[in-house]
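Here is the structure we will look at.
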Amino acid sequence: HNVLIDNLNIMGQYSYPWNDGIDPDSSTNVTIINTRIDTGDDGICPKATAGYGPLSNLYVYNCTIRSKSHAIKFGSNTDTEMSNCVFDNIVIWDSNSGLAIQQRSEGNIHNITFSNIVIETRYESPRWWGNGDWLSIVSETRNDSIIIGQIYDLHFINITVRSENGGLLSARDHGVSNVTFENIYVLITAFSNYSAGQGPQCWDVNQEWIDCMGSLDHRPSARDPPSPPTHIGRQRTRSTASGIYTENAHNVVMNNVIVEYDLNPGGGERLSWFGNCFGQDSASSDITHIDCKCVN
C-alpha cells in the first residue's frame, strides 16, 4: 500500500518470457511515474491474486514501454476486484500488444481509464503474448469450472495508434459494458518482417494452419481445441483486422474515432488481411458511433 515508483529504468531480457517490468499485485494507492520499461514479457501488469485482496487506485503517468508481449495488461490473475486505475501520458513503442485486459477469474474490473497515449504495435512470433494488436480486452474462462467477473466502465481517451493488427473488445462469456472511445486515431499498416510474410503460422480454432495477420487472439481460452505440443501458444481465430471489433459488448460509445488502412505497403491496394474499420458480433448491442470516420 502507498507505493511510489519514480524515475526507474527497467531493462529485461528480450529473448525470454517471465520477466515482466512491474506487476502491482493486490495493491492500493500505487503511483508509477517517469519510468522507462523495456522487457520481453509484459511491461506493466496489474493483478489481483486470490487471498491477497483487491487492486485499486493505481496511477501510471509519463512512462515509456516496449514489450515483446503486452505493454500494459491486467491479469491474468483477476481473482478479486480491480478498480480505479488511470494510465496517462504513456508512449508504447515496438511492442507486440498495446493495451490489454486478460480477465480469467471472478474479480470484477471497472473504472479503468487510458488517456493521452501513443501506441506502436507490430507482430512477433505467435508463441508470445500479444497479436500485433493495439487493443486486446478479452474476458472468458480458461477453465469451464471458473466463474468470470464483469468488466465495465472503461474509458479510452486521446489515443494515437500505428498498428499491424486491429483492436478487440471481447467478453464472450459474460459481456463487457459501458465503454467509451473518444478522440482515437488508428492506422493499420504493415512494417515488420513478420507482416511481410516471414515467420511461423498460427493454429486456427478449426484446427488448421492460417496466416496470423488479422487474426483474433482469445488466449488462454477454454474454447481452444486441444493442440499438439508443437502448436501450443499459436491458437488464433481466423479473421481480418478491424480498427475496433466487439464481441458481446454493450453500451459502447465511439466519439471521433478515425480508422485508416495504409495502402502504401500494398502498392496502393488494400492488403488481404485488412478488414472493416468497425465490426461487431451478433451478441453486441447499443454500439453508438458519433463523428467516426473510415479511411480506405
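By convention in this document, the chains of the C-alpha cells carry letters A, B, ... by their order, each chain's residues are numbered from 1, and ligands are numbered from 1 in the order they are shown.
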
Would you tabulate, counting only C-alpha atoms, all residues of stretch 104-144 of chain A that have an atom at most 8 Å from an atom of stretch 71-79 of chain A, showing the closest pair of atoms and their distance in Å to one decimal, sorted by chain then ascending number, as a tab-separated table?
```
residue	atom	partner	partner_atom	distance
A:Arg104	CA	A:Ser76	CA	5.8
A:Ser105	CA	A:Asp79	CA	5.2
A:Glu106	CA	A:Asp79	CA	5.3
A:Gly107	CA	A:Asp79	CA	4.7
A:Asn108	CA	A:Thr78	CA	7.7
```

Using only all heavy atoms, please write the residues we just selected to a file, as a CSV table (one decimal), in the first residue's frame.
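Writing done, so here's out32.csv:
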```csv
chain,number,residue,atom,x,y,z
A,104,ARG,N,-9.6,-13.7,-16.4
A,104,ARG,CA,-9.8,-15.2,-16.5
A,104,ARG,C,-10.3,-15.7,-15.1
A,104,ARG,O,-10.3,-17.0,-15.0
A,104,ARG,CB,-8.4,-15.9,-16.8
A,104,ARG,CG,-7.9,-15.6,-18.2
A,104,ARG,CD,-8.8,-16.0,-19.2
A,104,ARG,NE,-8.3,-15.8,-20.6
A,104,ARG,CZ,-8.5,-14.7,-21.3
A,104,ARG,NH1,-9.3,-13.7,-20.7
A,104,ARG,NH2,-8.0,-14.6,-22.5
A,105,SER,N,-10.8,-14.9,-14.2
A,105,SER,CA,-11.4,-15.4,-13.0
A,105,SER,C,-12.4,-14.4,-12.5
A,105,SER,O,-12.8,-13.5,-13.2
A,105,SER,CB,-10.3,-15.7,-12.0
A,105,SER,OG,-9.4,-14.7,-11.9
A,106,GLU,N,-12.9,-14.5,-11.2
A,106,GLU,CA,-14.2,-13.9,-10.8
A,106,GLU,C,-14.1,-12.5,-10.4
A,106,GLU,O,-15.1,-11.9,-10.1
A,106,GLU,CB,-14.7,-14.8,-9.6
A,106,GLU,CG,-13.8,-14.9,-8.4
A,106,GLU,CD,-13.0,-16.1,-8.4
A,106,GLU,OE1,-12.6,-16.6,-9.5
A,106,GLU,OE2,-12.7,-16.7,-7.4
A,107,GLY,N,-12.9,-11.9,-10.3
A,107,GLY,CA,-12.9,-10.5,-9.9
A,107,GLY,C,-13.4,-9.5,-11.0
A,107,GLY,O,-13.2,-9.7,-12.2
A,108,ASN,N,-14.2,-8.5,-10.5
A,108,ASN,CA,-14.7,-7.5,-11.4
A,108,ASN,C,-13.6,-6.5,-11.7
A,108,ASN,O,-12.8,-6.2,-10.9
A,108,ASN,CB,-15.9,-6.8,-10.8
A,108,ASN,CG,-17.1,-7.7,-10.7
A,108,ASN,OD1,-17.3,-8.6,-11.5
A,108,ASN,ND2,-17.9,-7.4,-9.6
```

Non-local contacts of stretch 250-261 of chain A (8 Å; only C-alpha atoms; under 2 positions in same chain excluded) as an MDAnalysis selection string: chainID A and resid 175:189 243 248 263 270 274 277 284:296

Pull N, CA and C atoms from the residues just selected and write them as an mmCIF file, in the first residue's frame.
```
data_model
loop_
_atom_site.group_PDB
_atom_site.id
_atom_site.type_symbol
_atom_site.label_atom_id
_atom_site.label_comp_id
_atom_site.auth_asym_id
_atom_site.auth_seq_id
_atom_site.Cartn_x
_atom_site.Cartn_y
_atom_site.Cartn_z
ATOM 1 N N GLY A 175 -19.997 -10.706 -21.045
ATOM 2 C CA GLY A 175 -20.217 -9.375 -21.589
ATOM 3 C C GLY A 175 -19.353 -8.307 -20.943
ATOM 4 N N VAL A 176 -19.105 -7.246 -21.711
ATOM 5 C CA VAL A 176 -18.422 -6.048 -21.229
ATOM 6 C C VAL A 176 -19.336 -4.873 -21.537
ATOM 7 N N SER A 177 -19.402 -3.880 -20.628
ATOM 8 C CA SER A 177 -20.401 -2.822 -20.802
ATOM 9 C C SER A 177 -19.856 -1.465 -20.369
ATOM 10 N N ASN A 178 -20.524 -0.433 -20.876
ATOM 11 C CA ASN A 178 -20.208 0.960 -20.541
ATOM 12 C C ASN A 178 -18.754 1.295 -20.885
ATOM 13 N N VAL A 179 -18.496 1.332 -22.189
ATOM 14 C CA VAL A 179 -17.143 1.592 -22.690
ATOM 15 C C VAL A 179 -17.192 2.818 -23.591
ATOM 16 N N THR A 180 -16.234 3.734 -23.405
ATOM 17 C CA THR A 180 -16.169 4.918 -24.250
ATOM 18 C C THR A 180 -14.821 4.991 -24.954
ATOM 19 N N PHE A 181 -14.878 5.315 -26.251
ATOM 20 C CA PHE A 181 -13.689 5.631 -27.039
ATOM 21 C C PHE A 181 -13.856 7.059 -27.530
ATOM 22 N N GLU A 182 -12.926 7.937 -27.198
ATOM 23 C CA GLU A 182 -13.065 9.349 -27.552
ATOM 24 C C GLU A 182 -11.733 9.887 -28.080
ATOM 25 N N ASN A 183 -11.793 10.472 -29.265
ATOM 26 C CA ASN A 183 -10.610 11.045 -29.908
ATOM 27 C C ASN A 183 -9.523 9.970 -30.096
ATOM 28 N N ILE A 184 -9.853 9.003 -30.956
ATOM 29 C CA ILE A 184 -8.962 7.883 -31.232
ATOM 30 C C ILE A 184 -8.601 7.897 -32.711
ATOM 31 N N TYR A 185 -7.308 7.753 -33.012
ATOM 32 C CA TYR A 185 -6.871 7.578 -34.396
ATOM 33 C C TYR A 185 -6.084 6.279 -34.492
ATOM 34 N N VAL A 186 -6.518 5.382 -35.392
ATOM 35 C CA VAL A 186 -5.877 4.088 -35.573
ATOM 36 C C VAL A 186 -5.438 3.956 -37.025
ATOM 37 N N LEU A 187 -4.143 3.796 -37.247
ATOM 38 C CA LEU A 187 -3.607 3.492 -38.570
ATOM 39 C C LEU A 187 -3.185 2.038 -38.581
ATOM 40 N N ILE A 188 -3.809 1.240 -39.442
ATOM 41 C CA ILE A 188 -3.440 -0.168 -39.585
ATOM 42 C C ILE A 188 -2.555 -0.287 -40.819
ATOM 43 N N THR A 189 -1.359 -0.832 -40.600
ATOM 44 C CA THR A 189 -0.360 -0.845 -41.647
ATOM 45 C C THR A 189 0.486 -2.110 -41.534
ATOM 46 N N GLY A 243 -10.421 -1.935 -36.959
ATOM 47 C CA GLY A 243 -9.911 -0.939 -36.023
ATOM 48 C C GLY A 243 -10.377 -1.215 -34.612
ATOM 49 N N ASN A 248 -19.903 -9.460 -27.784
ATOM 50 C CA ASN A 248 -20.731 -9.426 -26.573
ATOM 51 C C ASN A 248 -20.423 -8.175 -25.742
ATOM 52 N N LEU A 263 -2.434 2.155 -47.488
ATOM 53 C CA LEU A 263 -2.359 1.472 -48.782
ATOM 54 C C LEU A 263 -0.938 1.376 -49.316
ATOM 55 N N ARG A 270 -5.433 -2.451 -50.883
ATOM 56 C CA ARG A 270 -5.608 -2.981 -49.529
ATOM 57 C C ARG A 270 -4.932 -4.348 -49.417
ATOM 58 N N PHE A 274 -6.603 -6.789 -44.301
ATOM 59 C CA PHE A 274 -7.319 -5.591 -43.864
ATOM 60 C C PHE A 274 -8.812 -5.897 -43.809
ATOM 61 N N CYS A 277 -13.384 -1.107 -40.719
ATOM 62 C CA CYS A 277 -12.942 -0.182 -39.672
ATOM 63 C C CYS A 277 -13.592 -0.506 -38.335
ATOM 64 N N SER A 284 -23.404 -8.320 -29.542
ATOM 65 C CA SER A 284 -23.168 -6.942 -29.096
ATOM 66 C C SER A 284 -24.412 -6.093 -29.324
ATOM 67 N N SER A 285 -24.583 -5.071 -28.467
ATOM 68 C CA SER A 285 -25.758 -4.208 -28.588
ATOM 69 C C SER A 285 -25.421 -2.798 -28.128
ATOM 70 N N ASP A 286 -26.225 -1.844 -28.603
ATOM 71 C CA ASP A 286 -26.080 -0.437 -28.226
ATOM 72 C C ASP A 286 -24.665 0.068 -28.485
ATOM 73 N N ILE A 287 -24.198 -0.119 -29.717
ATOM 74 C CA ILE A 287 -22.906 0.413 -30.155
ATOM 75 C C ILE A 287 -23.195 1.715 -30.904
ATOM 76 N N THR A 288 -22.712 2.833 -30.375
ATOM 77 C CA THR A 288 -23.024 4.142 -30.932
ATOM 78 C C THR A 288 -21.776 4.773 -31.530
ATOM 79 N N HIS A 289 -21.884 5.263 -32.780
ATOM 80 C CA HIS A 289 -20.788 5.949 -33.441
ATOM 81 C C HIS A 289 -21.153 7.419 -33.617
ATOM 82 N N ILE A 290 -20.306 8.319 -33.136
ATOM 83 C CA ILE A 290 -20.520 9.751 -33.251
ATOM 84 C C ILE A 290 -19.291 10.359 -33.921
ATOM 85 N N ASP A 291 -19.483 10.967 -35.074
ATOM 86 C CA ASP A 291 -18.381 11.610 -35.799
ATOM 87 C C ASP A 291 -17.208 10.644 -36.012
ATOM 88 N N CYS A 292 -17.514 9.421 -36.395
ATOM 89 C CA CYS A 292 -16.469 8.445 -36.680
ATOM 90 C C CYS A 292 -16.208 8.404 -38.184
ATOM 91 N N LYS A 293 -15.009 7.986 -38.545
ATOM 92 C CA LYS A 293 -14.606 8.025 -39.945
ATOM 93 C C LYS A 293 -13.780 6.810 -40.295
ATOM 94 N N CYS A 294 -14.013 6.283 -41.499
ATOM 95 C CA CYS A 294 -13.258 5.147 -42.001
ATOM 96 C C CYS A 294 -12.534 5.576 -43.273
ATOM 97 N N VAL A 295 -11.213 5.366 -43.331
ATOM 98 C CA VAL A 295 -10.409 5.774 -44.478
ATOM 99 C C VAL A 295 -9.814 4.535 -45.129
ATOM 100 N N ASN A 296 -10.072 4.365 -46.408
ATOM 101 C CA ASN A 296 -9.558 3.247 -47.212
ATOM 102 C C ASN A 296 -10.141 1.917 -46.755
#
```

Residues of stretch 8-144 of chain A in strand (DSSP E), written as number ranges by chain: A: 9-11, 28-33, 36-39, 55-67, 70-76, 82-95, 97-103, 109-121, 133-139

Using only C-alpha atoms: which of A:Glu164, A:Asp23, A:Glu208, A:Glu269 has the shortest distance to A:Ala190: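 Among the listed residues, the smallest separation from A:Ala190 belongs to A:Glu164.
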
Per residue of stretch 37-130 of chain A within 6 Å of stretch 4-18 of chain A, which atom pair is closest and at what distance in Å (one decimal), using only C-alpha atoms, listed by chain and increasing number, as a Markdown table?
```
| residue | atom | partner | partner_atom | distance |
| --- | --- | --- | --- | --- |
| A:Ile37 | CA | A:Ile10 | CA | 4.8 |
| A:Asp38 | CA | A:Met11 | CA | 5.0 |
| A:Thr39 | CA | A:Gly12 | CA | 4.3 |
| A:Gly40 | CA | A:Tyr14 | CA | 4.0 |
| A:Asp41 | CA | A:Pro17 | CA | 5.0 |
```

For the contact check between stretch 30-126 of chain A and stretch 147-163 of chain A, emit one row per residue of stretch 30-126 of chain A within 9 Å, containing the shortest atom pair and the distance in Å rounded to one decimal, counting only C-alpha atoms, chain then rising number order, as a tab-separated table.
```
residue	atom	partner	partner_atom	distance
A:Thr78	CA	A:Gly149	CA	8.4
A:Asp79	CA	A:Gly149	CA	8.5
A:Thr80	CA	A:Gly149	CA	8.7
A:Glu81	CA	A:Gly149	CA	8.7
A:Ser97	CA	A:Ser163	CA	9.0
A:Gln103	CA	A:Ile148	CA	7.4
A:Arg104	CA	A:Ile148	CA	6.2
A:Ser105	CA	A:Ile148	CA	4.7
A:Glu106	CA	A:Gly149	CA	4.1
A:Gly107	CA	A:Gly149	CA	4.9
A:Asn108	CA	A:Gly149	CA	4.7
A:Ile109	CA	A:Ile151	CA	4.8
A:His110	CA	A:Tyr152	CA	4.9
A:Asn111	CA	A:Asp153	CA	4.8
A:Ile112	CA	A:Leu154	CA	5.0
A:Thr113	CA	A:His155	CA	4.7
A:Phe114	CA	A:Phe156	CA	4.9
A:Ser115	CA	A:Ile157	CA	4.6
A:Asn116	CA	A:Asn158	CA	4.8
A:Ile117	CA	A:Ile159	CA	4.8
A:Val118	CA	A:Thr160	CA	4.9
A:Ile119	CA	A:Val161	CA	4.7
A:Glu120	CA	A:Arg162	CA	4.8
A:Thr121	CA	A:Ser163	CA	4.7
A:Arg122	CA	A:Ser163	CA	6.0
A:Tyr123	CA	A:Ser163	CA	8.8
```

Option closest in space to A:Asp281, from A:Cys45, A:Ile244, A:Cys85, A:Met213 [counting only C-alpha atoms]: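 Answer, going by the shortest atom-to-atom distance: A:Ile244.
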
A:Gln207 environment, 9 Å, only C-alpha atoms, sequence neighbours closer than 4 positions dropped, as a PyMOL selection string: chain A and resi 203+225-227+235

Would you save the residues of that selection, restricted to N, CA, C and O atoms, as an mmCIF file, in the first residue's frame?
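Okay, this is what ended up in selection-v6.cif:
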```cif
data_model
loop_
_atom_site.group_PDB
_atom_site.id
_atom_site.type_symbol
_atom_site.label_atom_id
_atom_site.label_comp_id
_atom_site.auth_asym_id
_atom_site.auth_seq_id
_atom_site.Cartn_x
_atom_site.Cartn_y
_atom_site.Cartn_z
ATOM 1 N N TRP A 203 -2.412 -21.344 -35.485
ATOM 2 C CA TRP A 203 -3.243 -22.548 -35.487
ATOM 3 C C TRP A 203 -4.672 -22.134 -35.184
ATOM 4 O O TRP A 203 -4.979 -21.661 -34.102
ATOM 5 N N PRO A 225 -9.429 -25.684 -28.947
ATOM 6 C CA PRO A 225 -9.396 -27.147 -29.006
ATOM 7 C C PRO A 225 -8.034 -27.658 -28.541
ATOM 8 O O PRO A 225 -7.039 -26.922 -28.544
ATOM 9 N N PRO A 226 -7.968 -28.916 -28.132
ATOM 10 C CA PRO A 226 -6.663 -29.492 -27.777
ATOM 11 C C PRO A 226 -5.683 -29.363 -28.944
ATOM 12 O O PRO A 226 -6.050 -29.562 -30.101
ATOM 13 N N SER A 227 -4.461 -29.011 -28.611
ATOM 14 C CA SER A 227 -3.460 -28.795 -29.648
ATOM 15 C C SER A 227 -2.234 -29.650 -29.385
ATOM 16 O O SER A 227 -1.883 -29.898 -28.228
ATOM 17 N N GLN A 235 -2.625 -20.603 -30.934
ATOM 18 C CA GLN A 235 -4.060 -20.643 -31.203
ATOM 19 C C GLN A 235 -4.595 -19.236 -31.519
ATOM 20 O O GLN A 235 -4.357 -18.283 -30.785
#
```
